[in-house]
>>> print(open('protein15.txt').read())   # compact mmCIF, C-alpha atoms
# COMPACT_ATOMS: atom_id res chain seq x y z
CA GLY A 1 16.71 18.71 -6.98
CA ILE A 2 15.07 21.48 -4.99
CA HIS A 3 11.59 22.52 -6.06
CA ARG A 4 10.37 26.09 -5.87
CA HIS A 5 7.17 26.67 -3.96
CA HIS A 6 6.34 29.92 -5.90
CA PRO A 7 6.89 31.05 -9.01
CA ALA A 8 31.88 47.56 -5.88
CA VAL A 9 30.27 48.12 -9.32
CA MET A 10 29.69 45.13 -11.55
CA PRO A 11 29.10 45.82 -15.27
CA GLY A 12 26.97 43.80 -17.69
CA GLN A 13 26.09 43.94 -21.37
CA LEU A 14 23.17 42.99 -23.57
CA ARG A 15 23.35 42.82 -27.37
CA GLN A 16 20.16 43.08 -29.46
CA GLN A 17 19.48 40.31 -31.98
CA GLN A 18 16.61 38.66 -33.81
CA ILE A 19 14.59 36.15 -31.77
CA GLY A 20 12.82 33.16 -33.32
CA LYS A 21 10.51 30.63 -31.66
CA GLY A 22 11.10 28.86 -28.37
CA ILE A 23 10.80 31.16 -25.38
CA LEU A 24 13.01 29.22 -22.99
CA ASN A 25 15.88 28.88 -25.44
CA HIS A 26 15.87 32.59 -26.06
CA GLN A 27 15.52 33.43 -22.42
CA GLN A 28 18.75 31.50 -21.91
CA ARG A 29 20.36 33.36 -24.82
CA ALA A 30 19.36 36.69 -23.29
CA LEU A 31 20.79 35.61 -19.96
CA ARG A 32 24.16 35.08 -21.60
CA GLY A 33 24.10 38.73 -22.63
CA GLY A 34 23.42 37.89 -26.27
CA GLY A 35 19.71 38.37 -26.82
CA VAL A 36 16.57 40.33 -26.13
CA PHE A 37 12.86 39.55 -26.28
CA GLN A 38 10.52 40.83 -28.91
CA ARG A 39 7.52 42.63 -27.48
CA GLN A 40 5.10 39.71 -28.02
CA GLN A 41 7.42 37.30 -26.22
CA ALA A 42 8.06 39.84 -23.50
CA VAL A 43 4.39 39.70 -22.48
CA ILE A 44 4.66 35.92 -21.98
CA ALA A 45 7.95 36.31 -20.11
CA VAL A 46 6.44 38.83 -17.70
CA LYS A 47 3.69 36.37 -16.81
CA GLN A 48 6.33 33.73 -16.07
CA ARG A 49 8.47 36.16 -14.10
CA GLY A 50 6.09 38.13 -11.93
CA VAL A 51 8.87 39.62 -9.79
CA LEU A 52 10.02 41.69 -12.78
CA ILE A 53 6.71 43.44 -13.38
CA ALA A 54 7.38 46.28 -10.93
CA ALA A 55 10.99 46.57 -12.08
CA LEU A 56 9.82 47.04 -15.68
CA LYS A 57 8.14 50.25 -14.57
CA GLY A 58 11.27 51.52 -12.85
CA GLY A 59 10.53 50.12 -9.40
CA ARG A 60 12.52 47.52 -7.49
CA VAL A 61 13.83 44.03 -8.24
CA VAL A 62 14.15 41.30 -5.59
CA GLN A 63 17.74 40.39 -4.68
CA GLN A 64 19.16 38.21 -1.88
CA GLY A 65 15.90 38.40 0.05
CA GLY A 66 15.83 42.21 -0.14
CA SER A 67 15.43 44.49 -3.12
CA LEU A 68 17.34 46.83 -5.41
CA ARG A 69 16.05 50.06 -6.89
CA VAL A 70 16.18 50.01 -10.69
CA GLN A 71 17.02 53.15 -12.64
CA TYR A 72 16.61 53.22 -16.43
CA ALA A 73 18.30 55.64 -18.82
CA ALA A 74 18.97 55.96 -22.55
CA CYS A 75 22.36 55.27 -24.12
CA ASN A 76 23.86 56.06 -27.53
CA SER A 77 24.99 52.48 -28.10
CA ARG A 78 23.18 49.65 -29.84
CA LYS A 79 24.00 47.55 -26.78
CA GLY A 80 22.35 47.73 -23.40
CA HIS A 81 24.46 47.99 -20.24
CA TRP A 82 23.80 47.55 -16.53
CA SER A 83 25.90 48.30 -13.46
CA LEU A 84 25.27 47.48 -9.82
CA ASP A 85 26.02 49.98 -7.06
CA GLU A 86 25.72 47.72 -4.02
CA PRO A 87 26.29 50.37 -1.29
CA ALA A 88 23.47 52.44 -2.77
CA GLY A 89 21.26 49.41 -3.44
CA LEU A 90 20.87 50.62 -7.02
CA LEU A 91 20.85 48.80 -10.37
CA ARG A 92 21.51 51.24 -13.21
CA VAL A 93 20.34 50.08 -16.64
CA GLU A 94 21.23 51.95 -19.86
CA LEU A 95 19.33 50.89 -22.97
CA PRO A 96 18.90 52.06 -26.57
CA ASP A 97 15.17 52.29 -25.80
CA PRO A 98 14.66 52.51 -22.02
CA THR A 99 10.86 52.50 -22.48
CA SER A 100 10.89 49.08 -24.20
CA ASP A 101 9.70 46.14 -22.11
CA SER A 102 11.71 43.86 -24.38
CA TRP A 103 14.97 45.64 -23.60
CA ARG A 104 14.17 45.90 -19.90
CA ILE A 105 13.36 42.20 -19.50
CA GLY A 106 16.52 41.21 -21.37
CA ALA A 107 18.68 43.46 -19.22
CA LEU A 108 17.16 42.30 -15.92
CA GLN A 109 17.47 38.65 -16.86
CA SER A 110 21.08 39.19 -17.94
CA PHE A 111 21.78 40.77 -14.55
CA GLU A 112 20.05 37.99 -12.61
CA LYS A 113 21.93 35.22 -14.36
CA GLN A 114 25.33 36.83 -13.86
CA ARG A 115 24.55 37.61 -10.22
CA THR A 116 23.42 34.02 -9.59
CA GLN A 117 26.58 32.69 -11.24
CA GLU A 118 28.76 34.82 -8.97
CA LEU A 119 26.94 33.77 -5.79
CA VAL A 120 26.83 30.05 -6.63
CA GLN A 121 30.48 29.96 -7.72
CA GLU A 122 31.46 31.58 -4.42
CA TYR A 123 29.86 28.72 -2.48
CA LEU A 124 31.23 26.09 -4.85
CA ARG A 125 34.76 27.37 -4.19
CA GLN A 126 34.04 27.02 -0.48
CA TYR A 127 32.52 23.52 -0.52
CA LEU A 128 34.15 21.64 -3.40
CA PRO A 129 37.42 21.11 -1.47
CA LEU A 130 35.41 19.63 1.43
CA PHE A 131 33.58 17.23 -0.89
CA ALA A 132 36.87 16.37 -2.62
CA GLU A 133 38.13 15.11 0.74
CA ARG A 134 35.25 12.63 0.58
CA GLY A 135 36.46 11.40 -2.81
CA MET A 136 33.98 13.35 -4.92
CA ALA A 137 35.19 14.70 -8.28
CA ALA A 138 34.36 18.28 -9.20
CA PRO A 139 31.24 18.70 -11.40
CA ALA A 140 31.92 18.30 -15.10
CA ALA A 141 29.68 21.30 -15.79
CA VAL A 142 27.70 23.93 -13.87
CA ARG A 143 24.80 25.47 -15.77
CA PHE A 144 22.43 28.34 -15.10
CA ARG A 145 19.00 28.67 -16.68
CA ILE A 146 15.45 29.68 -15.90
CA MET A 147 13.63 26.79 -14.24
CA GLN A 148 9.89 26.74 -13.79
CA SER A 149 9.67 24.54 -10.67
CA ARG A 150 13.16 23.97 -9.23
CA TRP A 151 15.93 25.99 -7.64
CA GLY A 152 18.60 23.45 -8.58
CA SER A 153 19.19 19.96 -9.93
CA CYS A 154 21.97 17.37 -10.11
CA SER A 155 22.67 14.86 -12.87
CA GLY A 156 24.54 11.76 -11.76
CA ARG A 157 24.75 10.58 -15.38
CA THR A 158 26.66 13.66 -16.60
CA HIS A 159 28.05 14.60 -13.15
CA SER A 160 26.77 18.13 -13.65
CA LEU A 161 24.82 20.74 -11.71
CA SER A 162 22.12 23.13 -12.86
CA PHE A 163 20.84 26.16 -10.96
CA ASN A 164 17.86 28.41 -11.48
CA ALA A 165 19.06 31.75 -12.88
CA ARG A 166 16.65 33.45 -10.46
CA LEU A 167 18.34 31.98 -7.39
CA CYS A 168 19.93 35.37 -6.66
CA GLU A 169 16.49 36.58 -5.56
CA ARG A 170 16.69 34.39 -2.45
CA PRO A 171 18.68 35.11 0.75
CA HIS A 172 22.34 34.07 0.96
CA ALA A 173 21.52 31.35 3.51
CA PHE A 174 19.13 29.70 1.06
CA ILE A 175 21.55 29.94 -1.87
CA GLU A 176 24.20 28.20 0.23
CA TYR A 177 21.68 25.52 1.16
CA VAL A 178 20.80 24.86 -2.49
CA VAL A 179 24.49 24.48 -3.42
CA VAL A 180 25.16 22.05 -0.56
CA HIS A 181 21.92 20.14 -1.25
CA GLU A 182 22.89 19.52 -4.88
CA LEU A 183 26.47 18.58 -4.02
CA CYS A 184 25.17 16.01 -1.53
CA HIS A 185 23.23 14.37 -4.35
CA PHE A 186 26.56 13.29 -5.84
CA LEU A 187 26.97 11.17 -2.70
CA HIS A 188 23.32 10.09 -2.38
CA GLY A 189 21.10 10.25 -5.44
CA ASN A 190 17.86 10.36 -3.45
CA HIS A 191 16.31 12.04 -0.41
CA SER A 192 16.94 9.19 1.99
CA ALA A 193 17.81 9.59 5.66
CA ASP A 194 21.46 9.17 4.69
CA PHE A 195 21.14 12.07 2.27
CA TRP A 196 19.70 14.42 4.88
CA ARG A 197 22.39 13.40 7.37
CA GLU A 198 24.92 14.40 4.72
CA VAL A 199 23.30 17.82 4.31
CA GLU A 200 23.25 18.26 8.09
CA ARG A 201 26.96 17.47 8.27
CA TYR A 202 27.63 20.73 6.43
CA LEU A 203 24.57 22.78 7.40
CA PRO A 204 23.12 21.84 10.81
CA ASP A 205 20.40 24.49 10.32
CA TRP A 206 19.36 23.28 6.87
CA GLN A 207 15.68 23.01 7.78
CA SER A 208 15.37 26.71 8.60
CA ARG A 209 17.39 27.61 5.52
CA ARG A 210 15.11 25.54 3.27
CA LYS A 211 12.09 27.57 4.36
CA LEU A 212 13.72 30.71 2.93
CA GLY A 213 12.93 29.39 -0.55
CA ASP A 214 9.17 29.42 0.03
>>> encode(input="protein15.txt", output="structure tokens")
Amino acid sequence: GIHRHHPAVMPGQLRQQQIGKGILNHQQRALRGGGVFQRQQAVIAVKQRGVLIAALKGGRVVQQGGSLRVQYAACNSRKGHWSLDEPAGLLRVELPDPTSDSWRIGALQSFEKQRTQELVQEYLRQYLPLFAERGMAAPAAVRFRIMQSRWGSCSGRTHSLSFNARLCERPHAFIEYVVVHELCHFLHGNHSADFWREVERYLPDWQSRRKLGD
């Protein structure tokens, strides 16, 4: 896997529900658009996700190596909604309580996971046919979750891939590198010279791309 060295309009939805114990499990639930953090848990989540601190106050959120302006507003629904206006570089977030850190964190994490899914799936559609020509079967599962120290991982046992839900914060060139890196692990389960030659077959500039994740 790849370790981290630091911690059109597209709609999204977030439904409020009760949260129990286990921060990571409920972060994942929020990212699926089905949960939100209670205020006490939100404080812990902010510490883990420093890039969201400014966005919580209505600032900017990091995306694809740049940033988006975040605009919060109230809505009359019990659900929160977000929409992305890419030409304007604006993420609009409508929440039952737009002043609540819990709602804001849930909405931003929901957005990040969906955005990461879209970007990763785009590269998988591009590269899976090329790896199939090498005799590699498509992954049995592709998962997205918050990871504390990795951008991606590959399981040879389950033939599955996992990606950090925050990967959308990095530039496109790095996201592509992470996808190719993990696919190459299906051919070589280590970081041997043969593995890196495999990566270079698809991305001759992989070394410069890798630095974009720092």
>>> closest_residue(input="protein15.txt", among="A:Cys154, A:Leu212, A:Val61, A:Ile146", to="Phe174 of chain A", atoms="only C-alpha atoms")
A:Leu212
>>> atom_distance(input="protein15.txt", atom1="atom CA of Ser208 of chain A", atom2="atom CA of His185 of chain A")
19.5 Å
>>> closest_residue(input="protein15.txt", among="A:Leu90, A:Ala193, A:Leu128, A:Val62", to="Arg166 of chain A", atoms="only C-alpha atoms")
A:Val62
>>> closest_residue(input="protein15.txt", among="A:Arg125, A:Trp151, A:Leu91, A:Cys75", to="Cys168 of chain A", atoms="all atoms listed in the file")
A:Trp151
>>> atom_distance(input="protein15.txt", atom1="atom CA of Gly66 of chain A", atom2="atom CA of Val199 of chain A")
25.9 Å
>>> residues_near_point(input="protein15.txt", point="(31.3, 15.3, 3.2)", cutoff="8 Å", atoms="only C-alpha atoms", output="PyMOL selection string")
chain A and resi 130-131+133-134+184+198+201-202
>>> atom_distance(input="protein15.txt", atom1="atom CA of Pro96 of chain A", atom2="atom CA of Ala73 of chain A")
8.6 Å
>>> closest_residue(input="protein15.txt", among="A:Ser160, A:Gln64, A:Gln207, A:Ser110", to="Trp82 of chain A", atoms="all atoms listed in the file")
A:Ser110
>>> residues_around(input="protein15.txt", residues="Tyr72 of chain A", least_positions_apart="3", cutoff="6 Å", atoms="all atoms listed in the file", output="ChimeraX atom specification")
/A:93-94,98
>>> closest_residue(input="protein15.txt", among="A:Leu68, A:Glu182, A:Leu203, A:Gly156", to="Pro87 of chain A", atoms="all atoms listed in the file")
A:Leu68
>>> residues_around(input="protein15.txt", residues="segment 112-121 of chain A", least_positions_apart="2", cutoff="6 Å", atoms="all atoms listed in the file", output="list in words")
Leu31, Gln109, Ser110, Tyr123, Leu124, Ala165, Leu167 and Cys168 of chain A
>>> write_last_selection(input="protein15.txt", atoms="C-alpha atoms", output="PDB file, in the coordinates of the input")
ATOM      1  CA  LEU A  31      20.790  35.610 -19.960  1.00  0.00           C
ATOM      2  CA  GLN A 109      17.470  38.650 -16.860  1.00  0.00           C
ATOM      3  CA  SER A 110      21.080  39.190 -17.940  1.00  0.00           C
ATOM      4  CA  TYR A 123      29.860  28.720  -2.480  1.00  0.00           C
ATOM      5  CA  LEU A 124      31.230  26.090  -4.850  1.00  0.00           C
ATOM      6  CA  ALA A 165      19.060  31.750 -12.880  1.00  0.00           C
ATOM      7  CA  LEU A 167      18.340  31.980  -7.390  1.00  0.00           C
ATOM      8  CA  CYS A 168      19.930  35.370  -6.660  1.00  0.00           C
TER       9      CYS A 168
END
>>> axis_aligned_box(input="protein15.txt", around="segment 175-194 of chain A", padding_each_side="8 Å", output="JSON")
{"center_x": 21.6, "center_y": 19.6, "center_z": -0.1, "size_x": 26.7, "size_y": 36.8, "size_z": 27.5}
